[in-house]
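S.K.: Below are the structure tokens for one structure; questions will follow.
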Amino acid sequence: MPLTVRSRRKRSTRIIVTLLSGLLPVVLGCAILYMQAERTLQQSARQTAEEALRQFELMLDNTAQAAHELLPLAGKTCEDVKLALREQVTRRPFVRSTNLVWDDNLYCSSLFGDFKEAVNSGDYHKGKLWLMNGNPVTPNTALLVYRLSDGRGGALTTLDGYHLSNILRLIGRQTLLLLQVGDNWLSADGTVHQGTPPALPVAQSMLVSPRYAFSVSAGFPEGETWRYMANQYPPLFSLLIFFGVVSGAIGHIVQKRSTSPSHEMLRALEAGEFIPYFQPVVHGDSKKWSGTEVLMRWNHPKEGLVRPDLFIPFAEHSGLIVPMTRALMQQTAALLGPQSSSFAAPFHIGINITASHCHDLELVEDCRQFLATFIPGSVSLVLELTERELIEPTDITHQLFEQLHSLGVKIAIDDFGTGHSSLGYLRQFNVDFLKIDQSFVAMIGIDALSRHILDTIIELSAKLDLGIVAEGVETQAQAEYLTAHHVNFMQGYLFGKPMPAADFISALSHH
Ligand code: C2E
Ligand code: CA
Ligand code: CA
């Protein structure tokens with residue numbers, strides 16, 4: 001069926017819509033997966049930071065306990081306390097060295113015993129913690145010093161950076177972890193840096209210890225979200241692609257369905273696919289070609305030549321019949337106009353019109369342009385209006401038929417005998433011809449009642465002074481009968497089938 005075939009002109013739009021409907025679930029799905037991956041990484045960074053914080057606090061607890069035990073000894077001579085200092089180092093796994101301070105002077109150390117070094121409390125973050133990049137004993141090795149002071153005395157206990165960087169490296173292997181103490185920070189490679197630590201590009205989480213003066217930052221390197229998705233979600237990606245294909249296919253099918261008949265016909269109209277076929281109308285006596293009826297055909301790119309009864313109802317319904325008829329008249333004028341010099345007497349050209357043509361006066365202008373293409377007086381334009389679709393007499397229709405008549409256009413009632421037009425109707429619209437429906441012609445010599453109706457129509461038209469055309473004449477017997485009854489014109493397969501313009505024009509020269 002031609003009316004379900006899709007438009008070619010909108011193919012690019014259709015492809016775009018299909019692609020979009022296919023891409024939509026994929027893009028949306030990827031966005032959701034991306035957010036999910038970010039959330040997972042955020043949780044993981046936070047858990048890592050919490051775990052590291054807990055470990056650092058445990059180590060510092062160890063170091064702080066040593067300082068608490070030693071503080072009461074501050075002020076005593078080094079000789080008296082050095083064993084106590086060494087005992088703490090031995091007993092506590094995270095204490096590397098212990099020192100006592102008096103009046104901001106480190107005077108006794110677990111390693112050297114008697115010692116002398118000034119202590120600057122400003123070096124310690126919040127007076128408590130100092131992340132150093134080594135000391136004279138172990139230069140360039142991270143060291144965390146815990147300071148406890150009370151009045152003139154103080155205790156300093158140190159924690160080896162080796163333990164700290166181990167934690168940074170081992171907890172959350174995929175995670176970047178940093179330990180920050182005041183202005184200094186330690187990276188997983190064990191190096192102490194000064195200044196603000198770098199921001200961690202993905203899912204950064206920073207936790208401040210509520211008990212000691214340090215903080216921990218965890219996060220991931222640039223592009224980790226995508227890497228994570230690529231590692232974790234391949235099955236989901238396959239699912240998304242499947243959904244994309246299904247959705248694209250649905251989009252494609254829905255569009256295919258939504259291409260309405262009127263869209264398809266509009267496309268065909270613009271593509272010039274509606275073309276005229278010409279069927280000869282012959283003189284009742286001489287059987288000479290005296291005119292033609294223009295019959296529309298749809299030259300469909302895929303379906304081939306389509307019969308009018310398959311698409312004219314759609315065209316009438318959508319109102320497209322008006323521009324379609326206009327195009328048909330223009331083509332007919334262009335094809336037959338150049339032949340008009342060879343027409344001996346006015347050549348009848350029958351055009352089928354519908355009730356939709358009678359809503360306004362546009363038809364008058366179409367007819368005027370049509371007639372202007374021919375040598376004046378060489379053609380007689382006959383508009384055929386089917387009896388089954390009679391029009392209401394209104395101001396507009398009266399004006400229309402008056403103006404058409406004054407242009408010299410004639411009116412024929414098509415398929416006469418199948419509807420029920422009254423005599424009054426025929427007069428009101430100033431009808432010129434009756435076209436007897438082919439069903440009556442077919443019954444000549446077969447059905448007495450039909451023949452009787454035929455005779456009545458012929459008589460009636462003679463009384464009303466109307467021209468008469470018999471349609472569907474297929475046999476010699478029918479033609480003879482009609483001639484004997486003085487029918488003016490005949491049309492039918494006996495004289496010629498509807499044919500393309502080229503065939504009609506070449507045949508015309510022989511008749
Ligand atoms: P119609 O106006 O009654 O046209 C006559 C139909 O009878 C044509 O069919 C024609 O091919 C067919 N016919 C002619 N001689 C014979 C014959 O000897 N035997 C038989 N069996 N048939 C014959 P077609 O071309 O298929 O057109 C069918 C109908 O479609 C037309 O009936 C007309 O109502 C409509 N139509 C065709 N072209 C147009 C158009 O341009 N505008 C409008 N509004 N309707 C059109
Ligand atoms: Ca007709
Ligand atoms: Ca007819």
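Following the order of the structure tokens, first chain is A, next is B, and so on, with residues numbered from 1 inside each chain and ligands from 1 in the order they appear.
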Which residues are near ligand 1 - at most 7 Å, using only C-alpha atoms and all ligand atoms? Format: as a VMD selection string.
M.R.: chain A and resid 294 to 296 307 to 309 312 321 325 328 351 to 354 386 414 to 415 471 to 474 491 to 494 497 to 498
S.K.: Would you mind listing what lies within 6 Å of segment 355-372 of chain A as a PDB file with N, CA and C atoms, in the first residue's frame, with only C-alpha atoms counted and same-chain residues fewer than 6 positions away left out?
M.R.:
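That gives us part_24.pdb:
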ATOM      1  N   ALA A 333      -2.243  21.233 -19.001  1.00  0.00           N
ATOM      2  CA  ALA A 333      -2.111  22.430 -19.830  1.00  0.00           C
ATOM      3  C   ALA A 333      -0.754  22.434 -20.531  1.00  0.00           C
ATOM      4  N   ILE A 391     -23.083  18.815  -3.848  1.00  0.00           N
ATOM      5  CA  ILE A 391     -22.683  19.942  -2.994  1.00  0.00           C
ATOM      6  C   ILE A 391     -23.923  20.743  -2.586  1.00  0.00           C
ATOM      7  N   THR A 397     -21.038  28.640  -3.524  1.00  0.00           N
ATOM      8  CA  THR A 397     -21.130  27.730  -4.672  1.00  0.00           C
ATOM      9  C   THR A 397     -21.820  28.417  -5.850  1.00  0.00           C
ATOM     10  N   LEU A 400     -19.334  30.630  -7.369  1.00  0.00           N
ATOM     11  CA  LEU A 400     -18.308  29.814  -8.034  1.00  0.00           C
ATOM     12  C   LEU A 400     -18.812  29.366  -9.415  1.00  0.00           C
ATOM     13  N   LEU A 404     -17.437  30.416 -13.071  1.00  0.00           N
ATOM     14  CA  LEU A 404     -16.900  29.380 -13.963  1.00  0.00           C
ATOM     15  C   LEU A 404     -17.602  29.444 -15.319  1.00  0.00           C
TER      16      LEU A 404
END
S.K.: Fewer than 6 positions away in the same chain doesn't count, so skip those; otherwise give me all residues within 10 Å of Leu426 of chain A, counting only C-alpha atoms, as number ranges by chain.
M.R.: A: 411-413, 432-434, 464, 466
S.K.: Show me, as a list in words, the residues that have an atom within 6 Å of segment 78-87 of chain A when counting only C-alpha atoms, minus same-chain residues fewer than 6 positions from it.
M.R.: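 The contact residues come out as Thr98, Cys108, Ser110 and Asp114 of chain A.
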S.K.: Now that the selection is made, can you save its residues with all heavy atoms as a PDB file, in the first residue's frame?
M.R.:
ATOM      1  N   THR A  98      63.339   9.140  73.088  1.00  0.00           N
ATOM      2  CA  THR A  98      62.672   9.963  74.100  1.00  0.00           C
ATOM      3  C   THR A  98      63.658  11.012  74.574  1.00  0.00           C
ATOM      4  O   THR A  98      64.881  10.790  74.573  1.00  0.00           O
ATOM      5  CB  THR A  98      62.239   9.095  75.294  1.00  0.00           C
ATOM      6  OG1 THR A  98      63.348   8.316  75.701  1.00  0.00           O
ATOM      7  CG2 THR A  98      61.087   8.160  74.928  1.00  0.00           C
ATOM      8  N   CYS A 108      68.533  15.958  77.881  1.00  0.00           N
ATOM      9  CA  CYS A 108      68.816  14.538  78.031  1.00  0.00           C
ATOM     10  C   CYS A 108      68.088  13.746  76.956  1.00  0.00           C
ATOM     11  O   CYS A 108      66.907  13.960  76.709  1.00  0.00           O
ATOM     12  CB  CYS A 108      68.356  14.073  79.411  1.00  0.00           C
ATOM     13  SG  CYS A 108      68.872  12.385  79.775  1.00  0.00           S
ATOM     14  N   SER A 110      67.495   9.775  74.938  1.00  0.00           N
ATOM     15  CA  SER A 110      67.639   8.322  75.117  1.00  0.00           C
ATOM     16  C   SER A 110      68.833   7.784  74.346  1.00  0.00           C
ATOM     17  O   SER A 110      69.448   6.809  74.734  1.00  0.00           O
ATOM     18  CB  SER A 110      66.370   7.620  74.654  1.00  0.00           C
ATOM     19  OG  SER A 110      66.101   7.970  73.316  1.00  0.00           O
ATOM     20  N   ASP A 114      73.423  12.822  78.074  1.00  0.00           N
ATOM     21  CA  ASP A 114      73.536  14.284  78.205  1.00  0.00           C
ATOM     22  C   ASP A 114      73.546  14.937  76.828  1.00  0.00           C
ATOM     23  O   ASP A 114      74.209  14.463  75.910  1.00  0.00           O
ATOM     24  CB  ASP A 114      74.848  14.627  78.930  1.00  0.00           C
ATOM     25  CG  ASP A 114      74.598  14.628  80.442  1.00  0.00           C
ATOM     26  OD1 ASP A 114      73.484  15.064  80.846  1.00  0.00           O
ATOM     27  OD2 ASP A 114      75.490  14.160  81.177  1.00  0.00           O
TER      28      ASP A 114
END
S.K.: Do you know which residues are at most 8 Å from Thr418 of chain A counting only C-alpha atoms, after dropping those on the same chain fewer than 6 positions away, and could you put them as a tab-separated table (two decimals) with N, CA and C atoms, in the first residue's frame?
M.R.:
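As a result, around_34.tsv now contains:
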chain	number	residue	atom	x	y	z
A	387	GLU	N	-22.09	12.50	-8.90
A	387	GLU	CA	-23.44	12.68	-8.37
A	387	GLU	C	-23.55	12.19	-6.92
A	388	ARG	N	-22.68	11.25	-6.56
A	388	ARG	CA	-22.76	10.70	-5.20
A	388	ARG	C	-22.33	11.71	-4.15
A	437	ASP	N	-23.43	6.64	-15.81
A	437	ASP	CA	-22.52	5.70	-15.14
A	437	ASP	C	-22.36	4.42	-15.94
S.K.: Ranking A:Glu480, A:Glu303, A:Glu273, A:Glu293 by minimum distance to ligand 3 and counting only C-alpha atoms and all ligand atoms, which one comes first?
M.R.: A:Glu293
